[in-house]
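Have a look at upload-v1.txt; it's compact mmCIF, C-alpha atoms:
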# COMPACT_ATOMS: atom_id res chain seq x y z
CA MET A 1 162.00 356.38 142.76
CA THR A 2 159.46 353.82 143.96
CA CYS A 3 156.47 354.86 146.02
CA ALA A 4 157.88 353.03 149.02
CA THR A 5 161.24 354.76 148.68
CA GLY A 6 159.56 358.16 148.28
CA THR A 7 157.41 357.58 151.34
CA HIS A 8 160.49 356.55 153.33
CA GLN A 9 162.42 359.67 152.35
CA LEU A 10 159.46 361.93 153.10
CA ALA A 11 159.11 360.30 156.51
CA ARG A 12 162.82 360.82 157.12
CA LEU A 13 162.58 364.48 156.09
CA GLY A 14 159.59 364.86 158.38
CA ARG A 15 161.58 363.49 161.33
CA GLN A 16 164.44 365.89 160.57
CA LEU A 17 162.15 368.89 160.34
CA THR A 18 160.34 367.82 163.49
CA ALA A 19 163.74 368.05 165.19
CA ILE A 20 163.38 371.83 164.90
CA SER A 21 161.30 371.39 168.04
CA ILE A 22 164.75 371.55 169.61
CA LEU A 23 164.28 375.34 169.52
CA PRO A 24 161.42 375.58 172.07
CA ALA A 25 163.09 372.86 174.16
CA ALA A 26 166.41 374.70 174.07
CA LEU A 27 164.76 378.05 174.83
CA ALA A 28 162.95 376.57 177.83
CA THR A 29 166.27 375.18 179.05
CA LEU A 30 167.91 378.56 178.43
CA GLN A 31 165.33 380.29 180.63
CA ARG A 32 166.07 377.79 183.40
CA LEU A 33 169.82 378.29 183.02
CA GLU A 34 169.45 382.07 183.21
CA ARG A 35 167.86 381.63 186.63
CA LEU A 36 170.11 378.77 187.70
CA GLN A 37 173.38 380.67 187.16
CA TRP A 38 172.56 382.98 190.08
CA LYS A 39 171.88 380.19 192.58
CA SER A 40 174.37 379.73 195.40
CA PRO A 41 177.40 377.45 194.96
CA THR A 42 176.01 375.21 197.73
CA PHE A 43 172.66 374.82 195.98
CA LEU A 44 174.35 374.06 192.66
CA ARG A 45 176.81 371.60 194.21
CA ASN A 46 173.94 369.67 195.83
CA MET A 47 172.05 369.60 192.53
CA GLN A 48 175.14 368.51 190.62
CA GLU A 49 176.00 365.73 193.06
CA GLN A 50 172.41 364.45 192.99
CA ARG A 51 172.63 364.19 189.19
CA MET A 52 176.04 362.54 189.53
CA ARG A 53 174.67 359.87 191.88
CA GLN A 54 171.78 359.20 189.48
CA MET A 55 174.15 358.83 186.54
CA ILE A 56 176.49 356.46 188.39
CA ALA A 57 173.60 354.28 189.57
CA TYR A 58 172.18 354.25 186.05
CA ALA A 59 175.51 353.43 184.35
CA SER A 60 176.49 350.73 186.84
CA ALA A 61 173.16 348.99 186.30
CA GLY A 62 172.56 349.47 182.58
CA VAL A 63 175.88 349.92 180.76
CA PRO A 64 177.90 346.70 180.22
CA PHE A 65 181.27 348.44 180.55
CA TYR A 66 180.41 350.03 183.90
CA ARG A 67 178.72 346.93 185.25
CA ARG A 68 182.00 345.12 184.66
CA LEU A 69 184.08 348.01 186.05
CA PHE A 70 182.22 348.24 189.36
CA ARG A 71 182.33 344.46 189.72
CA GLU A 72 186.08 344.26 189.04
CA GLU A 73 186.83 347.22 191.32
CA GLN A 74 184.55 345.68 193.99
CA MET A 75 182.99 349.12 194.28
CA ASP A 76 179.49 349.83 195.54
CA PRO A 77 177.96 352.58 193.31
CA ASN A 78 176.24 353.97 196.41
CA ALA A 79 179.67 354.77 197.86
CA ILE A 80 180.06 357.60 195.33
CA ARG A 81 178.15 360.41 197.04
CA THR A 82 180.20 363.58 196.50
CA ARG A 83 182.50 365.02 193.85
CA GLU A 84 185.47 364.08 196.01
CA ASP A 85 184.28 360.45 196.04
CA LEU A 86 184.81 360.25 192.29
CA SER A 87 188.54 359.77 192.95
CA LYS A 88 187.68 356.26 194.19
CA LEU A 89 187.05 355.32 190.55
CA PRO A 90 189.74 354.92 187.88
CA THR A 91 189.89 357.46 185.07
CA LEU A 92 188.66 356.58 181.60
CA SER A 93 191.09 357.18 178.73
CA ARG A 94 190.33 357.76 175.06
CA ARG A 95 191.89 354.38 174.38
CA ASP A 96 189.51 352.77 176.88
CA VAL A 97 186.53 354.21 175.00
CA VAL A 98 187.87 353.07 171.61
CA ARG A 99 188.63 349.55 172.87
CA ASN A 100 185.25 349.14 174.61
CA GLN A 101 183.08 350.97 172.09
CA GLN A 102 180.43 348.25 171.89
CA ASP A 103 180.02 348.02 175.68
CA MET A 104 179.96 351.78 176.40
CA SER A 105 176.34 352.38 175.29
CA VAL A 106 173.00 351.30 176.72
CA PRO A 107 171.65 348.47 174.56
CA GLY A 108 168.54 349.48 172.60
CA LEU A 109 168.90 353.26 172.99
CA ILE A 110 171.12 353.92 169.97
CA GLY A 111 169.08 355.12 167.00
CA GLU A 112 166.88 358.03 166.07
CA ARG A 113 166.97 359.45 169.62
CA SER A 114 170.75 359.80 169.57
CA GLU A 115 173.45 361.22 167.30
CA LEU A 116 176.88 359.79 166.58
CA VAL A 117 179.60 362.42 167.09
CA ALA A 118 183.38 362.25 166.90
CA SER A 119 186.17 364.09 168.66
CA SER A 120 188.57 366.02 166.43
CA GLY A 121 191.33 363.45 166.93
CA SER A 122 193.92 366.23 167.37
CA SER A 123 195.43 364.46 170.39
CA GLY A 124 195.07 360.88 169.13
CA PRO A 125 192.57 358.71 167.29
CA PRO A 126 189.05 360.20 167.14
CA VAL A 127 186.60 358.98 169.76
CA TYR A 128 183.08 358.20 168.54
CA CYS A 129 180.23 358.77 171.00
CA HIS A 130 176.46 358.58 170.89
CA VAL A 131 174.83 361.71 172.33
CA ASP A 132 171.14 361.76 173.24
CA GLN A 133 168.60 364.52 172.54
CA MET A 134 168.52 365.67 176.16
CA THR A 135 172.24 366.46 175.95
CA ALA A 136 171.69 368.23 172.60
CA HIS A 137 168.95 370.46 174.09
CA GLU A 138 171.08 371.36 177.10
CA SER A 139 174.18 371.98 174.97
CA ILE A 140 172.41 374.36 172.59
CA ALA A 141 170.86 376.20 175.54
CA THR A 142 174.34 376.46 177.08
CA ILE A 143 175.74 377.91 173.85
CA LEU A 144 172.94 380.48 173.75
CA LEU A 145 173.56 381.42 177.40
CA PHE A 146 177.30 381.80 176.74
CA ASN A 147 176.54 383.89 173.63
CA LEU A 148 174.47 386.22 175.81
CA TRP A 149 177.41 386.55 178.19
CA ALA A 150 179.46 387.68 175.18
CA SER A 151 176.90 390.47 174.46
CA TRP A 152 175.24 388.69 171.52
CA VAL A 153 171.87 390.20 170.59
CA PRO A 154 169.32 387.49 169.65
CA GLY A 155 168.05 387.90 166.10
CA THR A 156 171.23 389.58 164.83
CA PRO A 157 173.72 387.84 162.49
CA MET A 158 176.65 385.82 163.76
CA VAL A 159 179.63 384.29 161.98
CA GLN A 160 181.17 380.94 162.94
CA ILE A 161 184.61 380.16 161.49
CA MET A 162 185.59 376.54 162.00
CA ARG A 163 186.21 373.30 160.19
CA GLN A 164 182.97 371.58 161.10
CA ARG A 165 179.59 372.93 160.09
CA PRO A 166 176.01 371.63 160.43
CA LEU A 167 175.36 368.70 158.10
CA ARG A 168 171.83 367.56 158.93
CA ILE A 169 168.89 369.51 157.52
CA ALA A 170 167.46 370.24 160.95
CA GLN A 171 170.81 371.56 162.19
CA ARG A 172 171.24 373.80 159.14
CA ILE A 173 167.73 375.21 159.51
CA PHE A 174 168.29 375.88 163.19
CA TRP A 175 171.64 377.65 162.83
CA GLN A 176 171.42 379.29 159.43
CA VAL A 177 167.74 380.26 159.35
CA LEU A 178 166.60 380.59 162.95
CA MET A 179 169.92 381.73 164.47
CA ARG A 180 171.06 383.74 161.39
CA SER A 181 174.49 382.15 161.60
CA SER A 182 176.81 381.93 158.60
CA PHE A 183 179.74 379.51 158.46
CA LEU A 184 183.23 379.93 157.02
CA ASP A 185 185.83 377.17 156.61
CA SER A 186 188.76 377.88 158.90
CA LEU A 187 191.20 375.99 156.65
CA GLN A 188 190.64 378.52 153.87
CA ILE A 189 191.92 381.37 156.06
CA THR A 190 195.67 381.88 155.91
CA ASN A 191 197.94 384.87 156.31
CA SER A 192 197.61 385.51 152.57
CA THR A 193 193.79 385.26 152.46
CA ALA A 194 192.93 386.77 155.85
CA SER A 195 192.46 390.27 154.46
CA SER A 196 189.74 389.21 151.99
CA PHE A 197 187.98 387.22 154.72
CA ALA A 198 188.14 390.24 157.03
CA ASP A 199 186.33 392.26 154.34
CA LEU A 200 183.78 389.46 153.87
CA ILE A 201 183.03 389.35 157.58
CA ALA A 202 182.74 393.14 157.75
CA SER A 203 180.16 393.11 154.95
CA SER A 204 177.94 390.65 156.85
CA ARG A 205 177.84 392.96 159.90
CA PRO A 206 177.77 390.20 162.57
CA SER A 207 177.13 390.94 166.22
CA LEU A 208 179.06 387.83 167.29
CA ILE A 209 182.05 385.97 165.84
CA VAL A 210 182.99 382.46 167.00
CA SER A 211 186.22 380.76 165.91
CA TYR A 212 189.61 379.35 166.87
CA PRO A 213 192.05 381.87 168.43
CA SER A 214 194.71 381.40 165.74
CA VAL A 215 192.20 382.06 162.94
CA LEU A 216 190.69 385.13 164.59
CA GLY A 217 194.18 386.44 165.31
CA MET A 218 194.99 386.36 161.59
CA ILE A 219 191.72 388.10 160.71
CA ALA A 220 192.17 390.69 163.47
CA ARG A 221 195.59 391.66 162.12
CA ASN A 222 194.02 392.25 158.71
CA THR A 223 190.96 394.18 159.84
CA LYS A 224 191.24 397.72 158.51
CA GLU A 225 189.20 399.17 161.37
CA PRO A 226 187.20 397.74 164.28
CA LEU A 227 183.84 396.37 163.13
CA SER A 228 181.14 398.52 164.69
CA SER A 229 178.55 395.75 164.49
CA VAL A 230 180.61 393.24 166.52
CA ARG A 231 179.55 393.11 170.15
CA GLY A 232 181.26 389.87 171.12
CA ILE A 233 184.13 387.56 170.19
CA VAL A 234 184.19 383.92 171.32
CA VAL A 235 187.20 381.65 170.88
CA GLY A 236 187.79 378.02 171.73
CA SER A 237 189.33 374.63 170.84
CA GLU A 238 192.90 375.96 171.14
CA THR A 239 195.09 377.56 173.79
CA MET A 240 194.64 381.32 173.44
CA THR A 241 198.13 382.78 173.81
CA PRO A 242 198.64 386.33 175.11
CA ASN A 243 199.81 387.67 171.74
CA VAL A 244 196.72 386.33 169.95
CA ALA A 245 194.49 387.75 172.71
CA ASN A 246 196.13 391.16 172.17
CA ASP A 247 195.70 390.91 168.40
CA ILE A 248 192.00 390.10 168.76
CA GLU A 249 191.40 392.91 171.23
CA LYS A 250 193.26 395.40 169.03
CA GLY A 251 191.61 394.31 165.77
CA PHE A 252 188.03 394.09 167.05
CA SER A 253 188.13 396.45 170.06
CA ARG A 254 186.65 393.54 172.00
CA ARG A 255 188.21 391.14 174.45
CA GLY A 256 187.71 387.52 173.43
CA PHE A 257 185.55 385.21 175.55
CA ASN A 258 187.17 381.82 176.05
CA ARG A 259 184.85 378.84 175.52
CA TYR A 260 185.61 375.20 176.26
CA GLY A 261 183.68 372.25 174.94
CA LEU A 262 183.95 368.69 173.71
CA SER A 263 181.89 366.90 171.09
CA GLU A 264 181.85 363.83 173.36
CA PHE A 265 179.74 365.86 175.81
CA GLY A 266 177.49 367.48 173.20
CA GLY A 267 179.43 370.73 172.74
CA ALA A 268 180.02 373.72 174.99
CA LEU A 269 180.66 373.10 178.70
CA MET A 270 182.43 376.20 180.06
CA GLN A 271 183.05 379.86 179.23
CA ASP A 272 184.35 382.93 181.02
CA CYS A 273 182.01 385.79 181.89
CA GLY A 274 182.60 389.50 181.42
CA LEU A 275 185.08 389.59 184.33
CA HIS A 276 187.33 386.99 182.61
CA GLN A 277 188.36 385.43 185.93
CA GLY A 278 187.89 381.83 184.84
CA LEU A 279 185.66 379.44 182.95
CA HIS A 280 182.17 378.89 184.38
CA LEU A 281 180.87 375.32 184.04
CA ASN A 282 177.22 374.48 183.40
CA PRO A 283 176.80 372.13 186.39
CA GLU A 284 173.82 370.38 184.80
CA LEU A 285 176.01 369.01 182.00
CA ALA A 286 179.07 367.65 183.79
CA VAL A 287 181.40 367.44 186.75
CA VAL A 288 184.89 368.69 185.88
CA GLU A 289 187.80 367.60 188.07
CA VAL A 290 191.38 368.88 187.99
CA VAL A 291 193.50 365.95 189.16
CA ASP A 292 197.15 365.11 189.80
CA SER A 293 199.09 362.10 188.47
CA HIS A 294 197.37 359.86 191.04
CA GLY A 295 193.87 360.91 190.02
CA GLU A 296 193.33 362.97 193.18
CA GLN A 297 191.71 366.40 192.93
CA VAL A 298 194.13 369.31 193.33
CA ALA A 299 193.67 372.45 195.45
CA GLU A 300 192.54 375.84 194.16
CA GLY A 301 195.18 377.49 191.98
CA GLU A 302 196.99 374.23 191.19
CA ARG A 303 197.36 372.68 187.73
CA GLY A 304 196.32 369.18 186.77
CA ARG A 305 194.66 366.99 184.16
CA LEU A 306 191.01 367.61 183.33
CA VAL A 307 188.71 364.65 184.04
CA ILE A 308 185.03 365.03 183.13
CA THR A 309 181.91 363.08 184.13
CA ALA A 310 178.78 363.52 181.98
CA LEU A 311 175.51 364.17 183.80
CA ARG A 312 173.07 364.29 180.87
CA ASN A 313 173.90 361.65 178.27
CA PHE A 314 171.98 358.49 179.17
CA VAL A 315 172.77 356.75 175.88
CA MET A 316 176.54 356.63 176.34
CA PRO A 317 177.62 357.83 179.80
CA LEU A 318 181.24 358.88 180.28
CA ILE A 319 182.44 358.75 183.89
CA ARG A 320 185.83 360.25 184.85
CA TYR A 321 186.80 360.65 181.21
CA GLU A 322 190.34 361.99 180.83
CA VAL A 323 190.07 364.46 177.96
CA GLY A 324 193.78 365.19 177.45
CA ASP A 325 193.75 368.81 178.62
CA VAL A 326 195.57 370.54 181.48
CA GLY A 327 193.64 373.05 183.60
CA ILE A 328 193.90 375.13 186.76
CA GLN A 329 191.47 374.60 189.63
CA GLY A 330 189.41 377.74 190.21
CA GLY A 331 187.57 379.36 193.08
CA GLN A 332 184.50 381.58 193.03
CA CYS A 333 184.09 384.38 190.49
CA ALA A 334 183.29 387.91 191.67
CA CYS A 335 180.48 388.15 189.09
CA GLY A 336 178.13 386.46 191.56
CA ARG A 337 177.31 383.41 189.47
CA GLY A 338 177.33 380.18 191.42
CA PHE A 339 178.54 378.01 188.55
CA PRO A 340 181.79 376.11 189.33
CA VAL A 341 184.95 377.75 187.95
CA ILE A 342 188.06 376.38 186.26
CA SER A 343 190.65 379.17 186.27
CA GLY A 344 191.88 378.25 182.82
CA VAL A 345 192.78 375.51 180.36
CA VAL A 346 196.50 375.94 179.71
CA GLY A 347 197.27 373.24 177.18
CA ARG A 348 197.03 369.58 176.32
CA THR A 349 198.82 366.66 177.92
CA SER A 350 200.08 365.91 174.39
CA ASP A 351 201.87 369.31 174.44
CA ILE A 352 204.37 368.07 177.04
CA VAL A 353 207.99 368.00 175.81
CA VAL A 354 210.69 365.84 177.43
CA GLY A 355 213.97 367.66 178.11
CA ASN A 356 217.47 366.35 177.61
CA ASP A 357 217.61 365.64 181.36
CA GLY A 358 214.47 363.49 181.23
CA ASP A 359 212.22 366.05 182.94
CA GLU A 360 208.83 366.94 181.45
CA VAL A 361 208.28 370.51 180.25
CA SER A 362 204.60 371.48 180.05
CA ALA A 363 202.96 373.77 177.52
CA PHE A 364 202.45 376.21 180.39
CA LEU A 365 206.23 376.54 180.86
CA LEU A 366 206.83 376.81 177.12
CA LEU A 367 204.35 379.67 176.85
CA ASN A 368 205.76 381.42 179.90
CA ALA A 369 209.29 381.22 178.53
CA LEU A 370 208.23 382.78 175.25
CA HIS A 371 206.03 385.53 176.66
CA TYR A 372 208.27 386.52 179.55
CA TYR A 373 210.52 388.77 177.48
CA ASP A 374 209.58 392.08 175.90
CA TYR A 375 210.95 391.11 172.47
CA PHE A 376 208.07 388.78 171.75
CA PRO A 377 205.17 390.94 170.41
CA GLU A 378 207.41 393.04 168.17
CA LEU A 379 209.18 390.06 166.55
CA ILE A 380 206.80 387.10 166.48
CA ARG A 381 203.32 387.12 164.94
CA GLU A 382 202.45 383.42 165.31
CA PHE A 383 204.37 380.45 166.69
CA GLN A 384 204.38 376.71 167.17
CA PHE A 385 206.78 374.40 169.02
CA VAL A 386 208.11 371.42 167.06
CA ASP A 387 209.32 368.56 169.27
CA LYS A 388 212.20 366.83 167.48
CA GLY A 389 212.90 364.44 170.37
CA ARG A 390 215.84 364.13 172.79
CA GLY A 391 215.30 367.66 174.10
CA LEU A 392 215.52 369.30 170.66
CA VAL A 393 212.76 371.86 170.04
CA THR A 394 212.26 374.10 167.02
CA LEU A 395 210.29 377.29 167.57
CA ARG A 396 208.57 377.74 164.22
CA ILE A 397 207.38 381.33 163.84
CA VAL A 398 205.58 383.63 161.45
CA PRO A 399 207.86 386.66 161.86
CA THR A 400 207.05 390.37 161.82
CA GLU A 401 208.75 392.82 159.47
CA ARG A 402 210.89 393.99 162.37
CA PHE A 403 212.16 390.45 162.91
CA LEU A 404 213.14 390.11 159.24
CA GLU A 405 215.04 393.42 159.25
CA ASN A 406 217.77 391.79 161.35
CA GLN A 407 216.88 388.11 161.14
CA ALA A 408 220.21 386.52 162.11
CA HIS A 409 220.55 388.67 165.23
CA ASN A 410 216.94 388.11 166.27
CA VAL A 411 217.17 384.34 165.80
CA GLU A 412 220.21 384.23 168.06
CA HIS A 413 218.53 386.54 170.58
CA VAL A 414 215.35 384.44 170.83
CA GLU A 415 217.25 381.15 171.02
CA SER A 416 219.54 382.35 173.81
CA ARG A 417 216.67 383.80 175.84
CA LEU A 418 214.63 380.60 175.56
CA HIS A 419 217.59 378.41 176.50
CA SER A 420 218.42 380.57 179.52
CA THR A 421 214.84 380.05 180.78
CA LEU A 422 214.55 376.34 179.91
CA PRO A 423 218.13 375.00 179.85
CA MET A 424 216.90 371.40 179.60
CA LEU A 425 215.80 372.13 176.01
CA ASP A 426 217.94 372.95 172.97
CA PHE A 427 216.05 375.54 170.93
CA SER A 428 216.33 376.56 167.30
CA VAL A 429 214.18 379.17 165.55
CA GLU A 430 212.72 378.71 162.08
CA ALA A 431 210.76 381.38 160.19
CA THR A 432 207.87 380.40 157.89
CA GLY A 433 204.86 381.96 156.18
CA GLU A 434 202.20 379.60 157.58
CA LEU A 435 202.02 377.26 160.54
CA ARG A 436 200.70 373.73 160.25
CA ARG A 437 197.10 373.06 161.17
CA GLU A 438 195.33 369.78 161.82
CA ALA A 439 192.66 368.32 159.55
CA SER A 440 190.11 369.61 162.07
CA GLY A 441 191.23 373.17 161.38
CA LYS A 442 192.82 373.60 164.81
CA GLN A 443 196.39 374.74 165.30
CA SER A 444 198.27 372.68 167.87
CA LEU A 445 200.72 374.40 170.20
CA VAL A 446 203.17 371.47 169.98
CA ILE A 447 203.65 369.18 167.01
CA ARG A 448 206.09 366.30 166.57
CA GLU A 449 208.30 365.64 163.58
If you convert what's in this file into structure tokens, what do you get?
Amino acid sequence: MTCATGTHQLARLGRQLTAISILPAALATLQRLERLQWKSPTFLRNMQEQRMRQMIAYASAGVPFYRRLFREEQMDPNAIRTREDLSKLPTLSRRDVVRNQQDMSVPGLIGERSELVASSGSSGPPVYCHVDQMTAHESIATILLFNLWASWVPGTPMVQIMRQRPLRIAQRIFWQVLMRSSFLDSLQITNSTASSFADLIASSRPSLIVSYPSVLGMIARNTKEPLSSVRGIVVGSETMTPNVANDIEKGFSRRGFNRYGLSEFGGALMQDCGLHQGLHLNPELAVVEVVDSHGEQVAEGERGRLVITALRNFVMPLIRYEVGDVGIQGGQCACGRGFPVISGVVGRTSDIVVGNDGDEVSAFLLLNALHYYDYFPELIREFQFVDKGRGLVTLRIVPTERFLENQAHNVEHVESRLHSTLPMLDFSVEATGELRREASGKQSLVIRE
């Protein structure tokens, strides 16, 4: 190693270690968020819309893609004043971001002050985004606030079970040393290995466990007794089905907290509180719209596509970004927090199946059809819909022992019940030992073969 090379690497290590300053910055942000959550919805809406106006003015002036967009749409950025005004702008698809990658960022800001992140790619090609340090500080503070909602005790161990783990030295020091968080690879956990992982987790005595619902469901079914150290369970990145929620609550004696986030926006955005009446959004990070097929915002209680506008990332702003998820517009939670509420995220737009009559069947209807009948919990442990095309759908299941005792009868029973509920689909049932997961570690509700 030459002296110059050694000096360069030491300087690089110094920059990475200096990034641990994210802790005091994140803690200061956390203290502000703890106060902010109790502000009135009117106060928070005004604050959010002020940030939105600043971001739109900034993007329309400094980002090549948005300069071109506002010019082509003949739109005055000053005309976007409220959240409702956002519908005047077109939505931004993943494909739009991929095609216009070079023009989506502010020239000169990409570098040491930003980090390149990628979406999981579970609903299409991965989207690469540059996220600035301000977004990173706010996102970590949001995660810490949400952990507190889930009864996490600072300074106690936590376990995170997912595919991705911290790679940079600063990130590893922050999570593993300062936050006492250990990481397990979700792809290593299957129905055959879940028991040993349940024992491993029990031995670490965590106060908080964070993972995908399908993974925690497997572990919960193999937990010999509720872990006394566990105060909170947080799940995200997948649709949490009722049977998995019941498994988690039974195995851990704790109800899971549902968290929603996207790497394109720095991480966590929303989570439910202890009342579990909907997902609370950190209004400093984003505006989340639930829109219909025309891009117009839907009324409370109605379903629509999630469209998100970033309020923090000044390196690569995303305005009206269509994330590929379907949600339900919420109201106000009885907990007293003023944060905006999305009643729930009920699936992905990629989970839609086309029936033999040409009508679209959403993941919400698929789940309702399966969970409506009392046979479900006793016969089916895990499940996944396989879209074969032309209205043909295979329900691939991990069966219970009761199901296998009279398999032929139960297959016929499940198929007939599903078809009576959704006659536009032709169902078949297939039993298996493991369901397919994506490279990201997530388990999709609908796959195509």
Can you find the residues with an atom no farther than 7 Å from (195.1, 371.4, 173.4), counting only C-alpha atoms, and report them as a PDB file with C-alpha atoms, in the frame of the given file?
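File produced: out09.pdb:
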ATOM      1  CA  GLU A 238     192.900 375.960 171.140  1.00  0.00           C
ATOM      2  CA  THR A 239     195.090 377.560 173.790  1.00  0.00           C
ATOM      3  CA  ASP A 325     193.750 368.810 178.620  1.00  0.00           C
ATOM      4  CA  GLY A 347     197.270 373.240 177.180  1.00  0.00           C
ATOM      5  CA  ARG A 348     197.030 369.580 176.320  1.00  0.00           C
ATOM      6  CA  SER A 444     198.270 372.680 167.870  1.00  0.00           C
TER       7      SER A 444
END
Problem set entry | Neighbours of point (212.5, 386.0, 163.1) within 12 Å, using all atoms listed in the file, written as a PyMOL selection string | chain A and resi 375-383+395-415+428-433
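The gap separating CA of Glu289 (chain A) from CA of Ser93 (chain A) is 14.4 Å, in Å to one decimal.
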Problem set entry | Point-to-point distance in Å for CA of Thr309 (chain A) and CA of Thr241 (chain A) |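 Separation of CA of Thr241 (chain A) and CA of Thr309 (chain A): 27.5 Å.
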Surrounding residues of Leu306 (chain A) excluding itself and chain neighbours under 4 positions, 7 Å, all atoms listed in the file, as a CSV table (one decimal) with C-alpha atoms, in the coordinates of the input:
chain,number,residue,atom,x,y,z
A,288,VAL,CA,184.9,368.7,185.9
A,289,GLU,CA,187.8,367.6,188.1
A,290,VAL,CA,191.4,368.9,188.0
A,291,VAL,CA,193.5,366.0,189.2
A,322,GLU,CA,190.3,362.0,180.8
A,323,VAL,CA,190.1,364.5,178.0
A,324,GLY,CA,193.8,365.2,177.4
A,325,ASP,CA,193.8,368.8,178.6
A,326,VAL,CA,195.6,370.5,181.5
A,327,GLY,CA,193.6,373.0,183.6
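Residues in contact with Asp357 (chain A) at up to 9 Å, not including ones fewer than 6 positions away on its chain and judged by only C-alpha atoms, are Arg390, Gly391, Met424 and Leu425 of chain A.
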Exercise. If you measure from CA of Gln37 (chain A) to CA of Arg337 (chain A), what distance in Å do you get, rounded to one decimal?
Worked result: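 We find that CA of Gln37 (chain A) and CA of Arg337 (chain A) lie 5.3 Å from each other.
Shortest atom-to-atom contact with Leu148 (chain A) among A:Ile352, A:Val287, A:Ile233, A:Val446: A:Ile233, counting all atoms listed in the file.
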Closest atom pairs, residues of region 258-355 of chain A within 8 Å of region 72-88 of chain A, only C-alpha atoms, as JSON lines:
{"residue": "A:Val287", "atom": "CA", "partner": "A:Arg83", "partner_atom": "CA", "distance": 7.6}
{"residue": "A:Gly295", "atom": "CA", "partner": "A:Ser87", "partner_atom": "CA", "distance": 6.2}
{"residue": "A:Glu296", "atom": "CA", "partner": "A:Ser87", "partner_atom": "CA", "distance": 5.8}
{"residue": "A:Gln297", "atom": "CA", "partner": "A:Glu84", "partner_atom": "CA", "distance": 7.3}
{"residue": "A:Arg320", "atom": "CA", "partner": "A:Leu86", "partner_atom": "CA", "distance": 7.5}
Exercise. Nearest to Ala220 (chain A) among A:Gln332, A:Ser195, A:Ser204, A:Asn100, with distances taken over all atoms listed in the file: which residue is it?
Worked result: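 When distances to Ala220 (chain A) are compared using all atoms listed in the file, the smallest one comes from A:Ser195.
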For this session: Have a look at A:Pro107, A:Ile308, A:Cys335, A:Glu284 and name the one nearest to Pro64 (chain A); count all atoms listed in the file.
Result: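 Closest candidate: A:Pro107.
With all atoms listed in the file as the atoms that count, the residue of A:Ala57, A:Gly344, A:Leu370, A:Ser186 with the shortest distance to Met240 (chain A) is A:Gly344.
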Using only the atoms of region 241-249 of chain A listed in the file, plus 4 Å on each side, state the axis-aligned box centre and edge lengths in Å rounded to one decimal, as lines of an AutoDock Vina configuration file.
center_x = 195.6
center_y = 387.8
center_z = 171.8
size_x = 16.4
size_y = 18.1
size_z = 14.7
Exercise. Residues at most 10 Å from Asp103 (chain A), counting all atoms listed in the file, excluding those fewer than 4 positions away in the same chain, as a ChimeraX atom specification?
Worked result: /A:63-68,97,99,107,316
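Ranking A:His276, A:Arg417, A:Lys388, A:Arg305 by their shortest atom-to-atom distance to Ala334 (chain A), with only C-alpha atoms included, puts A:His276 first.
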Seminar exercise, completed: In terms of all atoms listed in the file, the residue from A:Leu422, A:Val153, A:Met218, A:Leu187 at minimal distance from Pro206 (chain A) is A:Val153
